[in-house]
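Here's data.tsv, which has TSV, C-alpha atoms:
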chain	number	residue	atom	x	y	z
A	202	MET	CA	-29.80	-52.11	-5.40
A	203	LYS	CA	-26.91	-51.49	-7.80
A	204	LEU	CA	-27.91	-47.83	-8.14
A	205	LYS	CA	-28.02	-47.49	-4.35
A	206	LYS	CA	-24.44	-48.79	-4.08
A	207	ILE	CA	-23.24	-46.36	-6.74
A	208	LEU	CA	-24.87	-43.42	-4.96
A	209	THR	CA	-23.37	-44.51	-1.65
A	210	ALA	CA	-19.92	-44.69	-3.24
A	211	VAL	CA	-20.31	-41.24	-4.79
A	212	LEU	CA	-21.40	-39.74	-1.49
A	213	LEU	CA	-18.50	-41.38	0.30
A	214	LEU	CA	-16.00	-40.07	-2.25
A	215	GLY	CA	-17.52	-36.59	-2.01
A	216	SER	CA	-17.24	-36.70	1.76
A	217	LEU	CA	-13.58	-37.69	1.57
A	218	ALA	CA	-12.84	-35.00	-1.04
A	219	SER	CA	-14.37	-32.30	1.12
A	220	GLN	CA	-12.15	-33.15	4.09
A	221	ALA	CA	-9.49	-30.46	4.18
A	222	HIS	CA	-6.77	-31.75	6.48
A	223	ASP	CA	-4.83	-35.00	6.50
A	224	PHE	CA	-3.37	-34.63	9.99
A	225	THR	CA	-2.93	-32.22	12.87
A	226	ALA	CA	0.11	-31.26	14.90
A	227	THR	CA	0.59	-29.21	18.04
A	228	VAL	CA	3.31	-26.61	17.58
A	229	ASN	CA	4.27	-24.37	20.52
A	230	GLY	CA	0.93	-25.17	22.10
A	231	GLN	CA	-1.05	-24.31	18.96
A	232	ARG	CA	-3.05	-26.97	17.14
A	233	LEU	CA	-2.52	-26.68	13.39
A	234	CYS	CA	-4.05	-28.66	10.54
A	235	PHE	CA	-2.08	-29.84	7.53
A	236	GLU	CA	-2.91	-31.14	4.08
A	237	ILE	CA	-0.38	-33.30	2.25
A	238	THR	CA	0.11	-31.63	-1.13
A	239	ASN	CA	2.80	-33.92	-2.53
A	240	LYS	CA	3.64	-37.27	-0.92
A	241	THR	CA	6.73	-37.82	-3.05
A	242	ALA	CA	8.19	-34.38	-2.40
A	243	ARG	CA	6.91	-34.51	1.19
A	244	THR	CA	5.24	-31.12	1.15
A	245	VAL	CA	2.21	-29.89	3.09
A	246	ALA	CA	0.01	-26.82	3.36
A	247	VAL	CA	-1.49	-25.39	6.52
A	248	THR	CA	-5.23	-25.71	6.14
A	249	TYR	CA	-8.50	-25.45	8.04
A	250	ASP	CA	-10.10	-27.91	10.42
A	251	GLY	CA	-13.03	-30.00	9.22
A	252	SER	CA	-14.64	-29.91	5.81
A	253	ILE	CA	-15.61	-27.27	3.28
A	254	ALA	CA	-19.25	-27.66	4.28
A	255	ASP	CA	-18.64	-27.61	8.04
A	256	LYS	CA	-15.50	-25.63	8.79
A	257	LYS	CA	-14.61	-25.12	12.46
A	258	VAL	CA	-13.38	-21.80	13.82
A	259	PRO	CA	-9.60	-22.11	14.41
A	260	THR	CA	-8.65	-22.40	18.09
A	261	VAL	CA	-5.31	-20.64	17.68
A	262	SER	CA	-4.64	-17.55	19.79
A	263	GLY	CA	-1.94	-14.95	20.36
A	264	THR	CA	1.02	-15.18	17.99
A	265	VAL	CA	1.32	-18.30	15.85
A	266	GLU	CA	4.70	-19.30	14.44
A	267	ILE	CA	4.12	-21.69	11.58
A	268	PRO	CA	6.84	-24.36	11.46
A	269	ALA	CA	9.05	-24.78	8.41
A	270	LYS	CA	8.82	-28.55	8.86
A	271	VAL	CA	6.33	-30.85	10.55
A	272	LYS	CA	6.51	-34.56	11.39
A	273	HIS	CA	3.68	-37.05	10.92
A	274	ASN	CA	3.87	-40.85	11.10
A	275	ASP	CA	7.68	-40.64	11.19
A	276	VAL	CA	7.73	-38.62	7.96
A	277	VAL	CA	9.08	-35.05	7.97
A	278	TYR	CA	7.18	-32.72	5.65
A	279	ASN	CA	8.19	-29.26	4.37
A	280	VAL	CA	5.54	-26.58	4.88
A	281	LYS	CA	5.19	-24.94	1.47
A	282	ALA	CA	1.85	-23.13	1.62
A	283	ILE	CA	-0.95	-21.69	3.70
A	284	GLY	CA	-4.13	-22.92	2.12
A	285	ARG	CA	-7.36	-21.24	1.22
A	286	LYS	CA	-9.20	-19.98	4.33
A	287	ALA	CA	-6.70	-21.76	6.58
A	288	PHE	CA	-7.10	-19.25	9.43
A	289	ALA	CA	-10.40	-17.64	8.44
A	290	ASN	CA	-12.40	-16.31	11.41
A	291	ALA	CA	-9.59	-16.94	13.90
A	292	ASP	CA	-10.74	-14.09	16.09
A	293	ARG	CA	-8.10	-14.68	18.79
A	294	LEU	CA	-5.15	-14.68	16.40
A	295	LYS	CA	-2.97	-11.62	17.08
A	296	GLY	CA	0.22	-12.36	15.17
A	297	ILE	CA	1.42	-14.68	12.44
A	298	VAL	CA	5.04	-15.58	11.65
A	299	ILE	CA	5.43	-17.33	8.31
A	300	PRO	CA	8.62	-19.37	7.87
A	301	ALA	CA	11.10	-19.54	5.02
A	302	GLY	CA	9.93	-22.03	2.45
A	303	VAL	CA	6.28	-20.99	2.33
A	304	GLU	CA	5.77	-20.03	-1.28
A	305	GLU	CA	2.01	-19.52	-1.52
A	306	ILE	CA	-0.81	-18.12	0.59
A	307	GLY	CA	-4.27	-19.03	-0.65
A	308	ASP	CA	-7.47	-17.04	-1.12
A	309	PHE	CA	-8.92	-15.50	2.05
A	310	ALA	CA	-6.37	-17.36	4.21
A	311	PHE	CA	-6.79	-14.87	7.07
A	312	GLU	CA	-10.28	-13.61	6.28
A	313	ASP	CA	-12.02	-11.92	9.21
A	314	CYS	CA	-9.12	-12.31	11.65
A	315	ASP	CA	-10.27	-9.15	13.36
A	316	SER	CA	-7.61	-9.20	16.13
A	317	LEU	CA	-4.63	-9.84	13.85
A	318	ARG	CA	-2.05	-7.08	14.37
A	319	SER	CA	1.34	-8.39	13.28
A	320	VAL	CA	2.40	-10.21	10.11
A	321	VAL	CA	5.95	-11.44	9.48
A	322	PHE	CA	6.59	-12.81	5.99
A	323	PRO	CA	9.43	-15.13	4.96
A	324	GLY	CA	12.44	-13.74	3.16
A	325	ASN	CA	11.64	-15.69	-0.02
A	326	PRO	CA	9.00	-14.44	-2.51
A	327	VAL	CA	5.39	-15.52	-1.92
A	328	VAL	CA	2.47	-15.87	-4.34
A	329	PHE	CA	-0.72	-14.43	-2.85
A	330	GLY	CA	-4.33	-15.36	-3.56
A	331	GLN	CA	-7.30	-13.03	-3.42
A	332	GLY	CA	-8.38	-11.30	-0.22
A	333	VAL	CA	-5.67	-12.91	1.92
A	334	PHE	CA	-6.23	-10.34	4.69
A	335	PHE	CA	-9.85	-9.51	3.87
A	336	LYS	CA	-11.54	-7.79	6.82
A	337	CYS	CA	-8.42	-7.63	8.99
A	338	PRO	CA	-8.77	-4.07	10.35
A	339	GLU	CA	-6.20	-4.28	13.16
A	340	ILE	CA	-3.06	-5.04	11.15
A	341	ALA	CA	-0.49	-2.48	12.26
A	342	ASP	CA	2.91	-4.13	11.89
A	343	VAL	CA	4.09	-5.80	8.67
A	344	THR	CA	7.55	-7.23	7.99
A	345	VAL	CA	8.13	-7.71	4.27
A	346	GLY	CA	10.42	-10.44	2.90
A	347	SER	CA	14.07	-9.43	2.57
A	348	ASP	CA	14.42	-11.07	-0.86
A	349	TRP	CA	11.21	-9.74	-2.36
A	350	LYS	CA	11.51	-7.69	-5.54
A	351	VAL	CA	7.84	-6.73	-5.79
A	352	MET	CA	5.75	-5.51	-2.88
A	353	ASP	CA	1.98	-5.30	-3.37
A	354	LEU	CA	0.37	-3.56	-0.40
A	355	THR	CA	-3.14	-3.86	-1.82
A	356	MET	CA	-3.68	-6.93	0.37
A	357	PHE	CA	-3.71	-4.66	3.46
A	358	ARG	CA	-6.31	-2.20	2.21
A	359	TRP	CA	-8.78	-3.29	4.90
A	360	SER	CA	-6.46	-2.23	7.71
A	361	ASP	CA	-7.38	0.79	9.83
A	362	ARG	CA	-4.05	0.83	11.69
A	363	LEU	CA	-1.23	0.24	9.23
A	364	ALA	CA	0.56	3.58	9.53
A	365	ALA	CA	4.14	2.71	8.59
A	366	ILE	CA	5.90	0.45	6.08
A	367	ASN	CA	9.59	-0.33	5.69
A	368	VAL	CA	10.78	-1.09	2.16
A	369	PRO	CA	13.58	-3.73	2.08
A	370	ALA	CA	16.76	-3.43	0.05
A	371	LYS	CA	15.79	-5.64	-2.89
A	372	ILE	CA	12.36	-4.17	-3.67
A	373	GLU	CA	12.19	-2.91	-7.26
A	374	LYS	CA	8.46	-2.35	-7.62
A	375	ILE	CA	5.80	-1.21	-5.14
A	376	GLN	CA	2.07	-1.50	-5.78
A	377	GLY	CA	-1.00	-0.47	-3.85
A	378	ILE	CA	0.47	2.20	-1.58
A	379	LYS	CA	-2.42	4.55	-2.30
A	380	GLN	CA	-4.85	1.78	-1.30
A	381	LEU	CA	-3.74	2.22	2.32
A	382	GLN	CA	-5.93	4.99	3.68
A	383	HIS	CA	-4.17	5.15	7.06
A	384	LEU	CA	-0.54	4.98	5.93
A	385	GLU	CA	1.45	7.94	7.25
A	386	ARG	CA	5.08	7.16	6.45
A	387	LEU	CA	7.40	5.02	4.37
A	388	THR	CA	11.04	4.24	5.11
A	389	VAL	CA	13.42	2.65	2.63
A	390	ASP	CA	16.47	0.54	3.37
A	391	PRO	CA	19.47	2.71	2.39
A	392	ASN	CA	20.85	-0.20	0.33
A	393	ASN	CA	17.79	-0.21	-1.95
A	394	GLY	CA	18.85	0.51	-5.52
A	395	THR	CA	15.49	1.77	-6.80
A	396	PHE	CA	13.93	3.89	-4.06
A	397	SER	CA	14.84	6.25	-1.24
A	398	SER	CA	12.79	7.98	1.43
A	399	ASP	CA	12.77	11.30	3.19
A	400	ASN	CA	10.41	12.65	5.82
A	401	GLY	CA	8.16	9.58	5.38
A	402	MET	CA	7.74	10.00	1.62
A	403	LEU	CA	8.93	7.79	-1.24
A	404	TYR	CA	11.49	9.12	-3.75
A	405	SER	CA	13.50	7.74	-6.62
A	406	LYS	CA	16.93	6.49	-5.60
A	407	ASN	CA	18.66	9.67	-6.77
A	408	GLY	CA	16.09	11.81	-4.99
A	409	GLU	CA	15.14	13.73	-8.12
A	410	SER	CA	11.55	12.45	-8.22
A	411	LEU	CA	8.99	12.48	-5.42
A	412	LEU	CA	7.00	9.35	-6.18
A	413	ILE	CA	4.44	8.99	-3.38
A	414	CYS	CA	3.29	10.76	-0.28
A	415	PRO	CA	1.25	8.37	1.94
A	416	ARG	CA	-2.46	9.18	1.98
A	417	ALA	CA	-2.77	9.76	5.72
A	418	ARG	CA	0.08	12.22	5.82
A	419	GLY	CA	-1.20	15.53	7.15
A	420	GLY	CA	0.05	18.92	8.26
A	421	LYS	CA	3.12	20.33	6.53
A	422	ILE	CA	4.92	18.56	3.69
A	423	ILE	CA	8.49	19.57	2.87
A	424	VAL	CA	9.72	18.30	-0.48
A	425	ARG	CA	13.46	17.92	-0.16
A	426	GLU	CA	15.94	20.10	-2.03
A	427	GLY	CA	17.24	18.41	-5.18
A	428	THR	CA	13.81	17.18	-6.20
A	429	VAL	CA	13.24	17.99	-9.87
A	430	LYS	CA	9.86	16.33	-10.45
A	431	ILE	CA	6.76	15.45	-8.47
A	432	ALA	CA	5.22	12.38	-10.09
A	433	PRO	CA	1.56	12.72	-11.15
A	434	GLY	CA	-0.71	11.75	-8.26
A	435	ALA	CA	2.07	11.75	-5.66
A	436	LEU	CA	0.18	14.24	-3.47
A	437	THR	CA	-3.36	14.16	-4.82
A	438	ASP	CA	-4.87	11.86	-2.18
A	439	CYS	CA	-3.22	13.60	0.77
A	440	VAL	CA	-6.36	15.48	1.75
A	441	SER	CA	-5.17	16.40	5.26
A	442	VAL	CA	-2.17	18.42	4.11
A	443	THR	CA	-2.23	22.05	5.27
A	444	SER	CA	1.09	23.33	3.88
A	445	ILE	CA	3.42	22.36	1.02
A	446	ASP	CA	7.02	23.57	0.82
A	447	LEU	CA	8.53	23.10	-2.65
A	448	PRO	CA	12.29	23.41	-3.32
A	449	ALA	CA	14.07	25.76	-5.69
A	450	SER	CA	15.26	22.73	-7.67
A	451	LEU	CA	11.71	21.75	-8.69
A	452	GLU	CA	10.98	21.88	-12.42
A	453	SER	CA	7.82	19.81	-12.86
A	454	VAL	CA	4.61	19.53	-10.85
A	455	SER	CA	0.99	19.20	-11.97
A	456	PHE	CA	-1.69	21.73	-11.02
A	457	ARG	CA	-3.87	18.79	-9.92
A	458	GLU	CA	-1.71	17.77	-6.94
A	459	THR	CA	-3.57	20.19	-4.65
A	460	SER	CA	-7.05	19.62	-6.08
A	461	ARG	CA	-8.47	17.77	-3.02
A	462	MET	CA	-6.70	19.59	-0.19
A	463	LYS	CA	-9.53	21.57	1.36
A	464	GLY	CA	-7.44	22.50	4.38
A	465	LEU	CA	-4.43	23.67	2.38
A	466	ALA	CA	-3.37	27.11	3.66
A	467	THR	CA	0.02	27.72	2.03
A	468	ILE	CA	2.08	26.60	-0.94
A	469	VAL	CA	5.70	27.72	-0.72
A	470	LEU	CA	7.53	28.00	-4.05
A	471	ARG	CA	11.24	28.84	-3.66
A	472	ASN	CA	11.92	28.79	-7.40
A	473	GLU	CA	12.55	32.27	-8.81
A	474	LYS	CA	11.34	31.17	-12.22
A	475	PRO	CA	7.62	30.28	-12.43
A	476	ILE	CA	6.93	26.58	-12.97
A	477	LEU	CA	4.51	25.78	-15.76
A	478	THR	CA	2.05	23.53	-13.94
A	479	GLY	CA	-0.65	23.25	-16.64
A	480	TYR	CA	-1.39	23.82	-20.29
A	481	LEU	CA	-4.37	25.32	-22.05
A	482	GLY	CA	-3.80	23.78	-25.45
A	483	ASP	CA	-0.10	24.36	-26.07
A	484	GLU	CA	0.15	27.43	-23.87
A	485	GLY	CA	1.91	26.80	-20.56
A	486	LYS	CA	0.53	28.48	-17.45
A	487	PHE	CA	1.24	28.65	-13.75
A	488	PHE	CA	-1.51	27.78	-11.27
A	489	PHE	CA	-2.66	25.20	-8.77
A	490	GLN	CA	-6.17	23.77	-8.66
A	491	LEU	CA	-7.31	25.02	-5.28
A	492	ALA	CA	-9.89	23.24	-3.14
A	493	ASN	CA	-9.40	26.13	-0.70
A	494	PRO	CA	-9.74	29.42	-2.61
A	495	LYS	CA	-8.05	31.29	0.27
A	496	ALA	CA	-4.79	29.33	0.05
A	497	GLN	CA	-1.69	31.54	-0.19
A	498	ILE	CA	1.04	30.90	-2.73
A	499	ILE	CA	4.32	32.13	-1.25
A	500	VAL	CA	7.05	33.04	-3.78
A	501	PRO	CA	10.33	35.02	-3.73
A	502	ALA	CA	9.60	38.75	-3.56
A	503	ASN	CA	11.67	39.51	-6.66
A	504	ALA	CA	9.78	36.87	-8.66
A	505	LYS	CA	6.21	37.79	-7.72
A	506	GLY	CA	5.69	39.81	-10.90
A	507	ALA	CA	6.77	36.87	-13.08
A	508	TYR	CA	4.44	34.51	-11.25
A	509	VAL	CA	1.48	36.87	-11.62
A	510	LYS	CA	2.26	37.37	-15.30
A	511	SER	CA	2.27	33.63	-16.03
A	512	LEU	CA	-0.83	32.96	-13.92
A	513	ALA	CA	-3.75	31.17	-15.58
A	514	THR	CA	-6.81	33.41	-15.36
A	515	ALA	CA	-9.37	31.80	-17.66
A	516	PRO	CA	-11.40	28.69	-16.78
A	517	GLY	CA	-11.12	25.85	-19.26
A	518	GLU	CA	-9.78	22.37	-19.87
A	519	TYR	CA	-6.17	22.22	-18.73
A	520	SER	CA	-3.70	19.36	-19.07
A	521	ALA	CA	-0.58	18.65	-17.03
A	522	HIS	CA	1.50	18.69	-20.22
A	523	PRO	CA	0.75	19.03	-23.95
A	524	GLY	CA	-1.13	15.98	-25.21
A	525	ALA	CA	-2.15	14.77	-21.75
A	526	LEU	CA	-5.76	14.20	-20.69
A	527	PRO	CA	-7.37	17.61	-20.00
A	528	TYR	CA	-9.39	18.39	-16.87
A	529	PRO	CA	-12.04	21.10	-16.57
A	530	ILE	CA	-11.02	23.90	-14.21
A	531	SER	CA	-13.61	26.39	-12.98
A	532	ALA	CA	-12.90	30.04	-12.18
A	533	ALA	CA	-13.41	29.29	-8.47
A	534	GLU	CA	-10.54	26.78	-8.55
A	535	LEU	CA	-8.06	29.20	-10.11
A	536	PRO	CA	-5.84	31.35	-7.90
A	537	SER	CA	-5.76	35.08	-8.55
A	538	ALA	CA	-2.99	37.60	-8.05
A	539	LYS	CA	-4.36	38.12	-4.53
A	540	ASN	CA	-3.39	34.56	-3.64
A	541	ILE	CA	0.26	35.18	-4.52
A	542	LYS	CA	2.47	36.70	-1.84
A	543	GLY	CA	6.10	37.67	-2.38
A	544	VAL	CA	8.48	37.35	0.58
A	545	LYS	CA	12.19	37.91	1.16
A	546	ASN	CA	12.41	35.38	3.97
A	547	PHE	CA	10.74	31.98	3.97
A	548	ASP	CA	11.56	31.15	7.58
A	549	LYS	CA	8.07	31.62	9.00
A	550	TYR	CA	6.51	29.54	6.26
Would you mind writing the file's structure down as structure tokens?
Amino acid sequence: MKLKKILTAVLLLGSLASQAHDFTATVNGQRLCFEITNKTARTVAVTYDGSIADKKVPTVSGTVEIPAKVKHNDVVYNVKAIGRKAFANADRLKGIVIPAGVEEIGDFAFEDCDSLRSVVFPGNPVVFGQGVFFKCPEIADVTVGSDWKVMDLTMFRWSDRLAAINVPAKIEKIQGIKQLQHLERLTVDPNNGTFSSDNGMLYSKNGESLLICPRARGGKIIVREGTVKIAPGALTDCVSVTSIDLPASLESVSFRETSRMKGLATIVLRNEKPILTGYLGDEGKFFFQLANPKAQIIVPANAKGAYVKSLATAPGEYSAHPGALPYPISAAELPSAKNIKGVKNFDKY
């Protein structure tokens, strides 16, 4: 009998522990569930309905604006978090507006919200769990917090529609851009002290380094005049590029940047002095690793001889600079003198 009472108590405690929400509130016609996270500080987290074992599909629809404060039993609570799986499987949710004060979004909070298109974050920094937007393919519009210093876009890697991102003024570090397979353009707030943008691509603030070209960028790429360096990997994943126009100011670019561009037809080099794009041992050479062996390399007419002279002709293991990791380059991937065309006027290219 005593054992039976103990088991009953354990089961009851387990049942209570598995209950996610402490109360519900209707906000702008949307029923939301809340868990009290700190009674003394009067803080709550948005959470799911029901229990861990028997979670109900959220009934929210359209755009949900989470309140910064919520009242329950005459007590006003501050909304500080969106809990684990709070909106998971909310298939009618199309937009989410997260208020100032929310500091954490838990694991898989919006998992499988397959109609979610718009996400507006608070200005203050937010700590993110794993897979917050796992299997959210429709996300197309993201507003990043104005006071964020770090922006990690990896959380949106499941999106098939996120084509543009605006980088706010205070961002100092950006992660995960290359995880976005459908991103076409980046714009940077002109007051940002770390980055700048031009023609949808990300540059250093002074414009001397091209840092990233979004993966879905296709057609012709024009690297702006004044650019001195193209960062390793800035162009590598841009497989839909058909033409690259490089400025006369350019001093450093790796041969590998064009290695996956099967549709690349032309590379315009306005520099009258050949750029050393790869090294065979300590010997600098000019070439691009061509996925399309018919690609033309357009150079100034009076510099064609210098480019041909510095051209790499032997297959081997080349590195982007002395001491860097070498990559094997086959004869088929090396341009020949026939690929190089000297012109007096670049206008038609």
Option closest in space to Ala364 (chain A), from A:Arg416, A:Gln331, A:Asn393, A:Asp438 [counting all atoms listed in the file]: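 The closest residue to Ala364 (chain A) is A:Arg416.
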Shell around Met356 (chain A) at 8 Å using only C-alpha atoms, local window under 2 positions removed, as a list in words: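 What passes the distance filter is Gly332, Val333, Phe334, Phe335, Asp353, Leu354, Arg358 and Trp359 of chain A.
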Between CA of Ala246 (chain A) and CA of Val276 (chain A) - distance in Å to one decimal: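 Interatomic distance here is 14.8 Å.
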Residue contacts of region 301-312 of chain A (12 Å, only C-alpha atoms) excluding same-chain residues fewer than 6 positions away, as a VMD selection string: chain A and resid 244 to 249 258 to 259 266 to 270 278 to 295 318 320 to 338 340 346 to 349 356 to 357 359
Generate a file of the selected residues that holds C-alpha atoms, formatted as an mmCIF file, keeping the file's coordinate frame.
data_model
loop_
_atom_site.group_PDB
_atom_site.id
_atom_site.type_symbol
_atom_site.label_atom_id
_atom_site.label_comp_id
_atom_site.auth_asym_id
_atom_site.auth_seq_id
_atom_site.Cartn_x
_atom_site.Cartn_y
_atom_site.Cartn_z
ATOM 1 C CA THR A 244 5.240 -31.120 1.150
ATOM 2 C CA VAL A 245 2.210 -29.890 3.090
ATOM 3 C CA ALA A 246 0.010 -26.820 3.360
ATOM 4 C CA VAL A 247 -1.490 -25.390 6.520
ATOM 5 C CA THR A 248 -5.230 -25.710 6.140
ATOM 6 C CA TYR A 249 -8.500 -25.450 8.040
ATOM 7 C CA VAL A 258 -13.380 -21.800 13.820
ATOM 8 C CA PRO A 259 -9.600 -22.110 14.410
ATOM 9 C CA GLU A 266 4.700 -19.300 14.440
ATOM 10 C CA ILE A 267 4.120 -21.690 11.580
ATOM 11 C CA PRO A 268 6.840 -24.360 11.460
ATOM 12 C CA ALA A 269 9.050 -24.780 8.410
ATOM 13 C CA LYS A 270 8.820 -28.550 8.860
ATOM 14 C CA TYR A 278 7.180 -32.720 5.650
ATOM 15 C CA ASN A 279 8.190 -29.260 4.370
ATOM 16 C CA VAL A 280 5.540 -26.580 4.880
ATOM 17 C CA LYS A 281 5.190 -24.940 1.470
ATOM 18 C CA ALA A 282 1.850 -23.130 1.620
ATOM 19 C CA ILE A 283 -0.950 -21.690 3.700
ATOM 20 C CA GLY A 284 -4.130 -22.920 2.120
ATOM 21 C CA ARG A 285 -7.360 -21.240 1.220
ATOM 22 C CA LYS A 286 -9.200 -19.980 4.330
ATOM 23 C CA ALA A 287 -6.700 -21.760 6.580
ATOM 24 C CA PHE A 288 -7.100 -19.250 9.430
ATOM 25 C CA ALA A 289 -10.400 -17.640 8.440
ATOM 26 C CA ASN A 290 -12.400 -16.310 11.410
ATOM 27 C CA ALA A 291 -9.590 -16.940 13.900
ATOM 28 C CA ASP A 292 -10.740 -14.090 16.090
ATOM 29 C CA ARG A 293 -8.100 -14.680 18.790
ATOM 30 C CA LEU A 294 -5.150 -14.680 16.400
ATOM 31 C CA LYS A 295 -2.970 -11.620 17.080
ATOM 32 C CA ARG A 318 -2.050 -7.080 14.370
ATOM 33 C CA VAL A 320 2.400 -10.210 10.110
ATOM 34 C CA VAL A 321 5.950 -11.440 9.480
ATOM 35 C CA PHE A 322 6.590 -12.810 5.990
ATOM 36 C CA PRO A 323 9.430 -15.130 4.960
ATOM 37 C CA GLY A 324 12.440 -13.740 3.160
ATOM 38 C CA ASN A 325 11.640 -15.690 -0.020
ATOM 39 C CA PRO A 326 9.000 -14.440 -2.510
ATOM 40 C CA VAL A 327 5.390 -15.520 -1.920
ATOM 41 C CA VAL A 328 2.470 -15.870 -4.340
ATOM 42 C CA PHE A 329 -0.720 -14.430 -2.850
ATOM 43 C CA GLY A 330 -4.330 -15.360 -3.560
ATOM 44 C CA GLN A 331 -7.300 -13.030 -3.420
ATOM 45 C CA GLY A 332 -8.380 -11.300 -0.220
ATOM 46 C CA VAL A 333 -5.670 -12.910 1.920
ATOM 47 C CA PHE A 334 -6.230 -10.340 4.690
ATOM 48 C CA PHE A 335 -9.850 -9.510 3.870
ATOM 49 C CA LYS A 336 -11.540 -7.790 6.820
ATOM 50 C CA CYS A 337 -8.420 -7.630 8.990
ATOM 51 C CA PRO A 338 -8.770 -4.070 10.350
ATOM 52 C CA ILE A 340 -3.060 -5.040 11.150
ATOM 53 C CA GLY A 346 10.420 -10.440 2.900
ATOM 54 C CA SER A 347 14.070 -9.430 2.570
ATOM 55 C CA ASP A 348 14.420 -11.070 -0.860
ATOM 56 C CA TRP A 349 11.210 -9.740 -2.360
ATOM 57 C CA MET A 356 -3.680 -6.930 0.370
ATOM 58 C CA PHE A 357 -3.710 -4.660 3.460
ATOM 59 C CA TRP A 359 -8.780 -3.290 4.900
#
Among listed residues A:Pro527, A:Gly485, A:Pro475, A:Pro448, nearest Lys505 (chain A) (using only C-alpha atoms): A:Pro475
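The interatomic distance for the pair CA of Asn503 (chain A) and CA of Val469 (chain A) works out to 14.5 Å.
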One-decimal distance in Å that lies between CA of Ala532 (chain A) and CA of Leu477 (chain A): 18.3 Å
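Minimum distance to Pro501 (chain A) across A:Ile299, A:Ile237, A:Val544, A:Val389 (counting all atoms listed in the file) occurs at A:Val544.
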Selected residue of minimal separation from Thr355 (chain A) among A:Ser455, A:Asn367, A:Ser537, A:Gln376, counting all atoms listed in the file: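 Among the listed residues, A:Gln376 lies closest to Thr355 (chain A).
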Test item: which residues lie within 9 Å of (10.0, 16.9, 5.0) counting all atoms listed in the file, as a ChimeraX atom specification: /A:399-402,421-425,446
Which residues are close to Thr395 (chain A), i.e. within 10 Å by all atoms listed in the file, leaving aside same-chain residues fewer than 6 positions away? Reply as a short mmCIF file (atom, residue, chain, number, x, y, z; two decimals) with C-alpha atoms, keeping the file's coordinate frame.
data_model
loop_
_atom_site.label_atom_id
_atom_site.label_comp_id
_atom_site.auth_asym_id
_atom_site.auth_seq_id
_atom_site.Cartn_x
_atom_site.Cartn_y
_atom_site.Cartn_z
CA ALA A 370 16.76 -3.43 0.05
CA LYS A 371 15.79 -5.64 -2.89
CA ILE A 372 12.36 -4.17 -3.67
CA GLU A 373 12.19 -2.91 -7.26
CA LYS A 374 8.46 -2.35 -7.62
CA VAL A 389 13.42 2.65 2.63
CA TYR A 404 11.49 9.12 -3.75
CA SER A 405 13.50 7.74 -6.62
CA LYS A 406 16.93 6.49 -5.60
CA ASN A 407 18.66 9.67 -6.77
#
Surrounding residues of Ile476 (chain A) excluding itself and chain neighbours under 4 positions, 7 Å, all atoms listed in the file, as a PyMOL selection string: chain A and resi 452-453+487
Listed atoms of region 281-297 of chain A, axis-aligned box, 6 Å per side: centre and edge lengths to one decimal in Å, as JSON?
{"center_x": -3.6, "center_y": -18.3, "center_z": 10.0, "size_x": 29.6, "size_y": 25.3, "size_z": 29.6}
